[in-house]
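Enquirer: Sharing my_file-v6.cif here; it has mmCIF, C-alpha atoms.
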data_upload
#
loop_
_atom_site.label_atom_id
_atom_site.label_comp_id
_atom_site.auth_asym_id
_atom_site.auth_seq_id
_atom_site.Cartn_x
_atom_site.Cartn_y
_atom_site.Cartn_z
CA MET A 1 6.74 22.87 25.14
CA GLU A 2 8.76 23.47 22.01
CA THR A 3 9.21 27.07 20.92
CA ALA A 4 9.49 28.46 17.42
CA THR A 5 13.22 29.04 17.88
CA GLU A 6 13.73 25.31 18.54
CA THR A 7 12.02 24.28 15.30
CA PRO A 8 14.58 23.02 12.75
CA TRP A 9 13.15 24.88 9.74
CA LEU A 10 13.85 23.42 6.34
CA THR A 11 16.43 25.09 4.15
CA ALA A 12 15.31 26.20 0.71
CA ALA A 13 16.92 23.08 -0.80
CA GLU A 14 15.28 20.80 1.80
CA GLN A 15 11.92 22.48 1.19
CA GLN A 16 12.22 21.87 -2.56
CA ILE A 17 13.13 18.21 -2.01
CA TRP A 18 10.25 17.79 0.46
CA ARG A 19 7.76 19.29 -1.99
CA SER A 20 9.09 17.10 -4.81
CA PHE A 21 8.73 14.05 -2.57
CA LEU A 22 5.14 14.97 -1.64
CA GLY A 23 4.12 15.81 -5.18
CA GLY A 24 5.87 12.76 -6.60
CA THR A 25 4.27 10.31 -4.18
CA ILE A 26 0.83 11.81 -4.76
CA VAL A 27 0.98 11.70 -8.56
CA LEU A 28 2.64 8.25 -8.52
CA ASN A 29 -0.03 6.73 -6.28
CA ASP A 30 -2.82 8.46 -8.22
CA ARG A 31 -1.50 7.13 -11.54
CA LEU A 32 -0.98 3.59 -10.23
CA ASP A 33 -4.51 3.70 -8.78
CA ARG A 34 -5.98 4.96 -12.06
CA ASP A 35 -4.17 2.26 -14.06
CA LEU A 36 -5.51 -0.49 -11.78
CA ARG A 37 -9.05 0.91 -11.75
CA THR A 38 -9.13 1.30 -15.53
CA ALA A 39 -7.67 -2.09 -16.40
CA HIS A 40 -8.92 -4.27 -13.53
CA GLY A 41 -11.58 -2.47 -11.51
CA LEU A 42 -9.32 -2.41 -8.43
CA SER A 43 -8.14 0.52 -6.35
CA MET A 44 -4.62 0.68 -4.93
CA PRO A 45 -5.88 -0.14 -1.39
CA GLU A 46 -7.81 -3.13 -2.76
CA TYR A 47 -4.77 -4.28 -4.72
CA GLU A 48 -2.51 -3.97 -1.67
CA ILE A 49 -4.93 -6.01 0.44
CA LEU A 50 -5.04 -8.73 -2.22
CA VAL A 51 -1.23 -8.76 -2.33
CA ARG A 52 -1.00 -9.17 1.45
CA LEU A 53 -3.59 -11.96 1.39
CA SER A 54 -1.80 -13.74 -1.47
CA GLU A 55 1.42 -13.81 0.56
CA ALA A 56 -0.20 -15.12 3.75
CA PRO A 57 -0.53 -18.78 4.72
CA ASP A 58 -3.83 -20.11 3.36
CA ARG A 59 -4.35 -16.63 1.84
CA SER A 60 -5.85 -15.60 5.19
CA ILE A 61 -5.07 -12.75 7.62
CA ARG A 62 -6.85 -11.53 10.73
CA MET A 63 -8.60 -8.25 9.99
CA ALA A 64 -6.68 -6.36 12.70
CA GLU A 65 -3.35 -7.63 11.37
CA LEU A 66 -4.36 -6.73 7.83
CA ALA A 67 -5.21 -3.17 8.88
CA ALA A 68 -1.80 -2.82 10.55
CA ALA A 69 0.01 -4.32 7.55
CA VAL A 70 -1.51 -1.88 5.06
CA SER A 71 -1.40 1.08 7.50
CA HIS A 72 -5.14 1.74 7.34
CA SER A 73 -7.73 2.02 10.07
CA ARG A 74 -9.73 -1.08 10.89
CA SER A 75 -12.83 0.73 9.68
CA ARG A 76 -11.30 1.52 6.30
CA VAL A 77 -10.09 -2.07 5.87
CA THR A 78 -13.54 -3.37 6.83
CA HIS A 79 -15.15 -1.21 4.13
CA THR A 80 -12.54 -2.26 1.55
CA ILE A 81 -12.99 -5.93 2.41
CA ALA A 82 -16.77 -5.50 2.08
CA ARG A 83 -16.29 -4.20 -1.49
CA LEU A 84 -13.96 -7.10 -2.31
CA GLU A 85 -16.49 -9.54 -0.80
CA ARG A 86 -19.27 -8.22 -3.03
CA GLU A 87 -17.10 -9.05 -6.04
CA GLY A 88 -16.32 -12.53 -4.71
CA LEU A 89 -12.60 -11.78 -4.36
CA VAL A 90 -12.44 -12.39 -0.60
CA PHE A 91 -14.65 -13.64 2.21
CA ARG A 92 -14.62 -13.17 5.95
CA GLY A 93 -14.49 -16.09 8.31
CA GLN A 94 -13.60 -17.09 11.85
CA CYS A 95 -9.89 -17.20 12.61
CA SER A 96 -8.59 -20.72 12.43
CA GLU A 97 -6.18 -20.18 15.35
CA ASP A 98 -8.65 -19.34 18.10
CA GLY A 99 -12.08 -18.84 16.55
CA ARG A 100 -12.50 -15.45 18.24
CA GLY A 101 -11.29 -13.07 15.57
CA VAL A 102 -12.32 -12.49 11.99
CA SER A 103 -10.02 -13.21 9.08
CA ALA A 104 -10.12 -12.02 5.50
CA VAL A 105 -9.55 -14.90 3.10
CA MET A 106 -8.73 -14.54 -0.60
CA THR A 107 -10.79 -16.62 -3.00
CA ASP A 108 -9.49 -18.26 -6.16
CA LYS A 109 -11.30 -15.54 -8.11
CA GLY A 110 -9.44 -12.92 -6.06
CA PHE A 111 -6.12 -14.61 -6.72
CA ALA A 112 -6.84 -14.71 -10.46
CA ARG A 113 -7.74 -10.98 -10.46
CA LEU A 114 -4.53 -10.21 -8.57
CA GLU A 115 -2.45 -12.21 -11.05
CA GLU A 116 -3.87 -10.11 -13.89
CA ALA A 117 -3.54 -6.79 -12.06
CA ALA A 118 0.02 -7.46 -10.92
CA HIS A 119 1.33 -7.07 -14.48
CA THR A 120 -0.28 -3.63 -14.81
CA HIS A 121 0.93 -2.54 -11.38
CA VAL A 122 4.53 -3.71 -11.78
CA ARG A 123 4.82 -2.21 -15.27
CA GLY A 124 3.60 1.09 -13.81
CA VAL A 125 6.06 0.98 -10.90
CA HIS A 126 8.89 0.38 -13.34
CA SER A 127 7.79 2.99 -15.84
CA TYR A 128 6.88 5.75 -13.38
CA LEU A 129 9.50 5.21 -10.66
CA VAL A 130 12.25 2.64 -11.19
CA ASP A 131 13.11 3.82 -14.70
CA ASN A 132 13.51 7.40 -13.39
CA ALA A 133 16.33 6.47 -11.00
CA SER A 134 19.71 4.84 -11.23
CA PRO A 135 20.05 1.59 -9.29
CA GLU A 136 22.03 3.50 -6.66
CA GLU A 137 19.39 6.23 -6.33
CA PHE A 138 16.64 3.65 -6.06
CA ALA A 139 18.57 1.78 -3.35
CA VAL A 140 19.04 5.02 -1.37
CA LEU A 141 15.32 5.78 -1.65
CA GLY A 142 14.56 2.33 -0.26
CA GLN A 143 17.00 2.79 2.61
CA ILE A 144 15.55 6.16 3.57
CA MET A 145 11.96 4.95 3.47
CA GLN A 146 12.82 1.83 5.49
CA ARG A 147 14.32 4.05 8.20
CA VAL A 148 11.14 6.17 8.19
CA ILE A 149 9.00 3.03 8.53
CA THR A 150 11.17 1.77 11.38
CA GLN A 151 11.20 5.13 13.20
CA LEU A 152 7.45 5.58 12.94
CA GLY A 153 6.62 1.97 13.81
CA GLY A 154 5.11 1.04 10.48
CA GLN A 155 5.21 -2.23 8.60
CA CYS A 156 6.09 -3.03 5.02
#
Show me the file's structure as structure tokens.
Expert:
Amino acid sequence: METATETPWLTAAEQQIWRSFLGGTIVLNDRLDRDLRTAHGLSMPEYEILVRLSEAPDRSIRMAELAAAVSHSRSRVTHTIARLEREGLVFRGQCSEDGRGVSAVMTDKGFARLEEAAHTHVRGVHSYLVDNASPEEFAVLGQIMQRVITQLGGQC
């Protein structure tokens, strides 16, 4: 068992950077979510699911794989897919590979909504994040976050 003396406490500078990172990611995600909801009636999780589906062969991904790809629980993805289904943006069907699993499939209406929303989202990412960093700073941020993803077994 780890003791308190073995804990690598953050320095004051590290603590400030950590709090800036937490606060920045929260307000960035909240703002991107608000922009998408206001302009297109989509939440960030819905948008991310549509992006993943648009990039997949036949715009189709097994539900379990989709949950892993967006780092959400299967239950949360199921509820999000249900909302997208009600709007006609996706549908669920049997997996084409083996017929045992369930896949989420993007409809043409879903693809059209994504095409519209992508402009809002990308403008926001540029305005709120990319434009606040030099190319070198942005590259370092990407490198750090990729190492975090790799260490923690996530996907991007």
Enquirer: I need the residue set behind the PyMOL selection byres ((chain A and resi 112) around 12) for this file; please write it as a PDB file with C-alpha atoms, in the frame of the given file.
Expert:
ATOM      1  CA  HIS A  40      -8.920  -4.270 -13.530  1.00  0.00           C
ATOM      2  CA  LEU A  50      -5.040  -8.730  -2.220  1.00  0.00           C
ATOM      3  CA  VAL A  51      -1.230  -8.760  -2.330  1.00  0.00           C
ATOM      4  CA  SER A  54      -1.800 -13.740  -1.470  1.00  0.00           C
ATOM      5  CA  GLY A  88     -16.320 -12.530  -4.710  1.00  0.00           C
ATOM      6  CA  LEU A  89     -12.600 -11.780  -4.360  1.00  0.00           C
ATOM      7  CA  VAL A  90     -12.440 -12.390  -0.600  1.00  0.00           C
ATOM      8  CA  MET A 106      -8.730 -14.540  -0.600  1.00  0.00           C
ATOM      9  CA  THR A 107     -10.790 -16.620  -3.000  1.00  0.00           C
ATOM     10  CA  ASP A 108      -9.490 -18.260  -6.160  1.00  0.00           C
ATOM     11  CA  LYS A 109     -11.300 -15.540  -8.110  1.00  0.00           C
ATOM     12  CA  GLY A 110      -9.440 -12.920  -6.060  1.00  0.00           C
ATOM     13  CA  PHE A 111      -6.120 -14.610  -6.720  1.00  0.00           C
ATOM     14  CA  ARG A 113      -7.740 -10.980 -10.460  1.00  0.00           C
ATOM     15  CA  LEU A 114      -4.530 -10.210  -8.570  1.00  0.00           C
ATOM     16  CA  GLU A 115      -2.450 -12.210 -11.050  1.00  0.00           C
ATOM     17  CA  GLU A 116      -3.870 -10.110 -13.890  1.00  0.00           C
ATOM     18  CA  ALA A 117      -3.540  -6.790 -12.060  1.00  0.00           C
ATOM     19  CA  ALA A 118       0.020  -7.460 -10.920  1.00  0.00           C
ATOM     20  CA  HIS A 119       1.330  -7.070 -14.480  1.00  0.00           C
TER      21      HIS A 119
END
Enquirer: Give me, please, the distance in Å between CA of Arg92 (chain A) and CA of Met63 (chain A), quoted to one decimal.
Expert: 8.8 Å
Enquirer: Excluding region 15-27 of chain A and any residue of its chain fewer than 5 positions from it, enumerate the residues within 10 Å of it, using only C-alpha atoms, and give them as number ranges by chain.
Expert: A: 9-10, 32-33, 128-129
Enquirer: For Glu85 (chain A), which residue among A:Ser73, A:Glu55, A:Arg34, A:Glu46 is the nearest when counting all atoms listed in the file?
Expert: A:Glu46
Enquirer: Between CA of Ser60 (chain A) and CA of Val102 (chain A), what distance in Å does the model show, to one decimal?
Expert: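 Separation between CA of Ser60 (chain A) and CA of Val102 (chain A): 9.9 Å.
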Enquirer: Restricting the calculation to all atoms listed in the file: of A:Val148, A:Ala13, A:Ile61, A:Leu28, which residue gets closest to Gln94 (chain A)?
Expert: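 The answer is A:Ile61, which sits nearest to Gln94 (chain A).
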Enquirer: Restricting the calculation to all atoms listed in the file: of A:Ser43, A:Gln143, A:Asn29, A:Gln151, which residue gets closest to Ile81 (chain A)?
Expert: A:Ser43
Enquirer: Can you tell me how far CA of Ala69 (chain A) sits from CA of Arg86 (chain A), in Å to one decimal?
Expert: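 Value for the CA of Ala69 (chain A)-CA of Arg86 (chain A) distance: 22.3 Å.
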Enquirer: Just checking: using all atoms listed in the file, which residue out of A:Ala133, A:Ile144, A:Arg59, A:Leu42 ends up closest to Leu84 (chain A)?
Expert: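 The closest residue to Leu84 (chain A) is A:Leu42.
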Enquirer: My list of candidates is A:Ala64, A:Asn132, A:Thr78, A:Asp58. Which is closest to Pro45 (chain A) when distances are computed with only C-alpha atoms?
Expert: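 Selected residue with least distance to Pro45 (chain A): A:Thr78.
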Enquirer: Provide an axis-aligned box for all listed atoms of region 63-75 of chain A, padding each side by 4 Å; report its centre and its edge lengths in Å to one decimal, as lines of an AutoDock Vina configuration file.
Expert:
center_x = -6.4
center_y = -3.1
center_z = 8.9
size_x = 20.8
size_y = 18.3
size_z = 15.6
Enquirer: Rank nothing, just name the residue among A:Glu6, A:Ile49, A:Asp30, A:Val105 nearest to Ser71 (chain A), using only C-alpha atoms.
Expert: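 Checking each of A:Glu6, A:Ile49, A:Asp30, A:Val105 against Ser71 (chain A), counting only C-alpha atoms, the winner is A:Ile49.
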Enquirer: I'd like the contact shell of Asp35 (chain A) - 8 Å cut-off, only C-alpha atoms, skipping same-chain residues fewer than 5 positions apart - returned as a ChimeraX atom specification.
Expert: /A:120-121,124
